[in-house]
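See structure below.
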Amino acid sequence: MKKPLIGALFAVLFIGAGIAPATAAPAPDATDVRVKAVDLAGTVALSNCSGSVVRAPSSQPDDPALVLSNGHCLESGFPGPGEVVLDQASTRSFTLLDAAGGGVGTLRADKVAYGTMTDTDVSLYQLTSTYAQIESSYGIEALELDAARPAQGTAITVASGYWQRTYSCSVDGFAYRLKEGEWTWKDSVRYTSACQTIGGTSGSPVIDDATGKVVAVNNTGNEDGQECTDNNPCEVDENGTVTVREGINYAQQTYGIVPCVGSGNLIDLDREGCALPKP
């Protein structure tokens with residue numbers, strides 16, 4: 001995983017408190033980031049990860065808003081293989097960012113609507129605020145989840161609220177299975193080498209540059225060239241052949257979340273087309 005920065009403080013400015021991370025990462029290299037239309041509006045900073053305020057195509061203005069991040073970013077720790085977190089009470093807070101990466105306000109969860117590291121690496125927090133309230137208070141709109149699978153070659157931006165920076169690259173391809181330590185993920189997005197994401201970028205939305213929609217959630221990369229170990233995922237194809245790509249990073253597709261979002265923005269794993277793992 002792109003390790004959550006456990007114990008580190010936010011890198012963004014809070015309302016009334018501007019504190020840098022206790023564990024500093026290497027300074028951003030300007031050559032890693034290209035100027036583009038996609039910005040940081042709607043992203044959030046967690047205490048240890050990145051995330052974004054997201055909506056499904058069917059979400060309504062008065063629905064409680066959702067924050068998307070990784071399952072491995074949950075405050076309760078990494079879910080084990082086969083474990084699914086559903087409707088678990090939470091009071092977690094998130095710093096909402098504007099287009100330039102400035103903190104404009106604090107959002108709060110009332111529950112973890114869904115979380116898992118099985119087949120995918122995703123968490124969805126339900127907030128105490130509606131989309132309409134967030135837009136009215138801060139002028140920030142939610143990012144929309146794309147209902148379609150991204151295509152190879154799609155130009156994408158990984159937008160990290162934690163680090164207030166973006167990474168630009170393309171979808172290089174897809175890993176049939178991506179195995180890391182105890183966990184296995186299906187049909188993962190593989191980035192081209194330009195997206196050199198770092199710890200703290202976990203949970204960042206992966207945005208299609210052409211549509212502005214979220215197509216995946218950033219979650220891991222092979223750091224040391226090891227095979228299938230923690231922080232060194234390996235690709236496994238349909239025939240069981242293992243491929244290691246040192247320095248290459250990955251994300252989990254999000255189009256599969258869309259069929260699981262029901263009336264009132266509730267996560268309903270029994271809805272037609274919903275294939276997210278169940279408890």
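Chain labels run A, B, ... following the order of the structure tokens; each chain numbers its residues from 1, and ligands are numbered from 1 in the order shown.
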
Residues of stretch 122-240 of chain A that approach stretch 246-257 of chain A to 7 Å or less, counting only C-alpha atoms: could you list each one with the shortest pair of atoms and its distance in Å to one decimal, rows by chain and increasing residue number, as JSON lines?
```
{"residue": "A:Leu145", "atom": "CA", "partner": "A:Tyr255", "partner_atom": "CA", "distance": 6.7}
{"residue": "A:Asp146", "atom": "CA", "partner": "A:Tyr255", "partner_atom": "CA", "distance": 5.7}
{"residue": "A:Ala147", "atom": "CA", "partner": "A:Tyr255", "partner_atom": "CA", "distance": 4.7}
{"residue": "A:Ala148", "atom": "CA", "partner": "A:Tyr255", "partner_atom": "CA", "distance": 5.7}
{"residue": "A:Arg149", "atom": "CA", "partner": "A:Tyr255", "partner_atom": "CA", "distance": 5.9}
{"residue": "A:Ser188", "atom": "CA", "partner": "A:Gln252", "partner_atom": "CA", "distance": 5.0}
{"residue": "A:Val189", "atom": "CA", "partner": "A:Ala251", "partner_atom": "CA", "distance": 5.0}
{"residue": "A:Arg190", "atom": "CA", "partner": "A:Tyr250", "partner_atom": "CA", "distance": 4.7}
{"residue": "A:Tyr191", "atom": "CA", "partner": "A:Asn249", "partner_atom": "CA", "distance": 5.8}
{"residue": "A:Ser193", "atom": "CA", "partner": "A:Ile248", "partner_atom": "CA", "distance": 5.9}
{"residue": "A:Gln196", "atom": "CA", "partner": "A:Asn249", "partner_atom": "CA", "distance": 6.9}
{"residue": "A:Thr197", "atom": "CA", "partner": "A:Asn249", "partner_atom": "CA", "distance": 7.0}
{"residue": "A:Val215", "atom": "CA", "partner": "A:Thr254", "partner_atom": "CA", "distance": 5.5}
{"residue": "A:Ala216", "atom": "CA", "partner": "A:Gln253", "partner_atom": "CA", "distance": 4.0}
{"residue": "A:Val217", "atom": "CA", "partner": "A:Ala251", "partner_atom": "CA", "distance": 5.3}
{"residue": "A:Asn218", "atom": "CA", "partner": "A:Ala251", "partner_atom": "CA", "distance": 4.1}
{"residue": "A:Asn219", "atom": "CA", "partner": "A:Ala251", "partner_atom": "CA", "distance": 5.2}
{"residue": "A:Thr220", "atom": "CA", "partner": "A:Tyr250", "partner_atom": "CA", "distance": 5.3}
{"residue": "A:Gly221", "atom": "CA", "partner": "A:Asn249", "partner_atom": "CA", "distance": 3.8}
{"residue": "A:Asn222", "atom": "CA", "partner": "A:Glu246", "partner_atom": "CA", "distance": 5.1}
{"residue": "A:Glu223", "atom": "CA", "partner": "A:Gly247", "partner_atom": "CA", "distance": 5.5}
{"residue": "A:Asp224", "atom": "CA", "partner": "A:Glu246", "partner_atom": "CA", "distance": 6.1}
{"residue": "A:Gly225", "atom": "CA", "partner": "A:Glu246", "partner_atom": "CA", "distance": 4.4}
```

>> List as a VMD selection string the protein and nucleic acid residues near A:Thr211, meaning an atom at most 10 Å away when only C-alpha atoms are counted, but skip any in the same chain fewer than 5 places from it.
In response: chain A and resid 38 144 146 156

> DSSP on the backbone: what in stretch 139-258 of chain A comes out strand (DSSP E), as a PyMOL selection string?
Replying inline: chain A and resi 143-144+155-160+165-180+183-191+205-208+214-221+234-236+242-243+249-253

>> Show me, as a ChimeraX atom specification, the residues that have an atom within 7 Å of A:Ser93 when counting only C-alpha atoms, minus same-chain residues fewer than 2 positions from it.
In response: /A:91,95,106-109

>> Going by DSSP on the backbone, which residues of stretch 18-225 of chain A come out as helix (DSSP H, G or I)? List them as a PyMOL selection string.
In response: chain A and resi 30-32+71-73+131-138

What would the file look like if the residues just selected were written as an mmCIF file, in the first residue's frame with N, CA and C atoms?
```cif
data_model
loop_
_atom_site.group_PDB
_atom_site.id
_atom_site.type_symbol
_atom_site.label_atom_id
_atom_site.label_comp_id
_atom_site.auth_asym_id
_atom_site.auth_seq_id
_atom_site.Cartn_x
_atom_site.Cartn_y
_atom_site.Cartn_z
ATOM 1 N N ALA A 30 9.046 19.396 -9.048
ATOM 2 C CA ALA A 30 8.148 20.083 -9.983
ATOM 3 C C ALA A 30 8.037 19.349 -11.309
ATOM 4 N N THR A 31 9.060 18.555 -11.654
ATOM 5 C CA THR A 31 9.003 17.838 -12.927
ATOM 6 C C THR A 31 7.997 16.704 -12.896
ATOM 7 N N ASP A 32 7.532 16.308 -11.685
ATOM 8 C CA ASP A 32 6.575 15.212 -11.571
ATOM 9 C C ASP A 32 5.153 15.641 -11.908
ATOM 10 N N GLY A 71 -9.596 1.397 1.870
ATOM 11 C CA GLY A 71 -9.882 0.554 3.015
ATOM 12 C C GLY A 71 -8.725 0.544 4.000
ATOM 13 N N HIS A 72 -7.501 0.632 3.490
ATOM 14 C CA HIS A 72 -6.355 0.604 4.398
ATOM 15 C C HIS A 72 -6.129 1.936 5.107
ATOM 16 N N CYS A 73 -6.982 2.916 4.827
ATOM 17 C CA CYS A 73 -6.908 4.202 5.527
ATOM 18 C C CYS A 73 -7.910 4.306 6.677
ATOM 19 N N TYR A 131 -24.666 17.297 0.164
ATOM 20 C CA TYR A 131 -23.955 17.950 -0.934
ATOM 21 C C TYR A 131 -24.360 19.421 -1.045
ATOM 22 N N ALA A 132 -25.650 19.690 -0.887
ATOM 23 C CA ALA A 132 -26.133 21.063 -0.995
ATOM 24 C C ALA A 132 -25.533 21.942 0.103
ATOM 25 N N GLN A 133 -25.425 21.416 1.300
ATOM 26 C CA GLN A 133 -24.845 22.184 2.405
ATOM 27 C C GLN A 133 -23.367 22.473 2.163
ATOM 28 N N ILE A 134 -22.647 21.506 1.652
ATOM 29 C CA ILE A 134 -21.225 21.711 1.365
ATOM 30 C C ILE A 134 -21.041 22.759 0.277
ATOM 31 N N GLU A 135 -21.849 22.671 -0.767
ATOM 32 C CA GLU A 135 -21.730 23.640 -1.854
ATOM 33 C C GLU A 135 -22.120 25.036 -1.387
ATOM 34 N N SER A 136 -23.166 25.130 -0.567
ATOM 35 C CA SER A 136 -23.608 26.425 -0.067
ATOM 36 C C SER A 136 -22.580 27.063 0.867
ATOM 37 N N SER A 137 -21.968 26.245 1.723
ATOM 38 C CA SER A 137 -21.025 26.767 2.713
ATOM 39 C C SER A 137 -19.654 27.069 2.126
ATOM 40 N N TYR A 138 -19.207 26.233 1.183
ATOM 41 C CA TYR A 138 -17.819 26.333 0.724
ATOM 42 C C TYR A 138 -17.657 26.549 -0.776
#
```

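The shortest atom-to-atom distance to A:Asn70, with only C-alpha atoms taken into account, belongs to A:Pro205 out of A:Gly153, A:Pro205, A:Gly181, A:Gly262.
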
>> Please determine, counting only C-alpha atoms, which residue among A:Thr118, A:Gly105, A:Pro150, A:Ser69 has the shortest atom-to-atom distance to A:Ala275.
In response: A:Thr118

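In this structure, atom CA of A:Asp39 sits 15.9 Å away from atom CA of A:Gly203.
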
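The shortest atom-to-atom distance to A:Asp119, with only C-alpha atoms taken into account, belongs to A:Thr184 out of A:Ser170, A:Thr184, A:Ser76, A:Gln164.
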
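Separating atom CA of A:Asp87 from atom CA of A:Asn231 is a distance of 28.5 Å.
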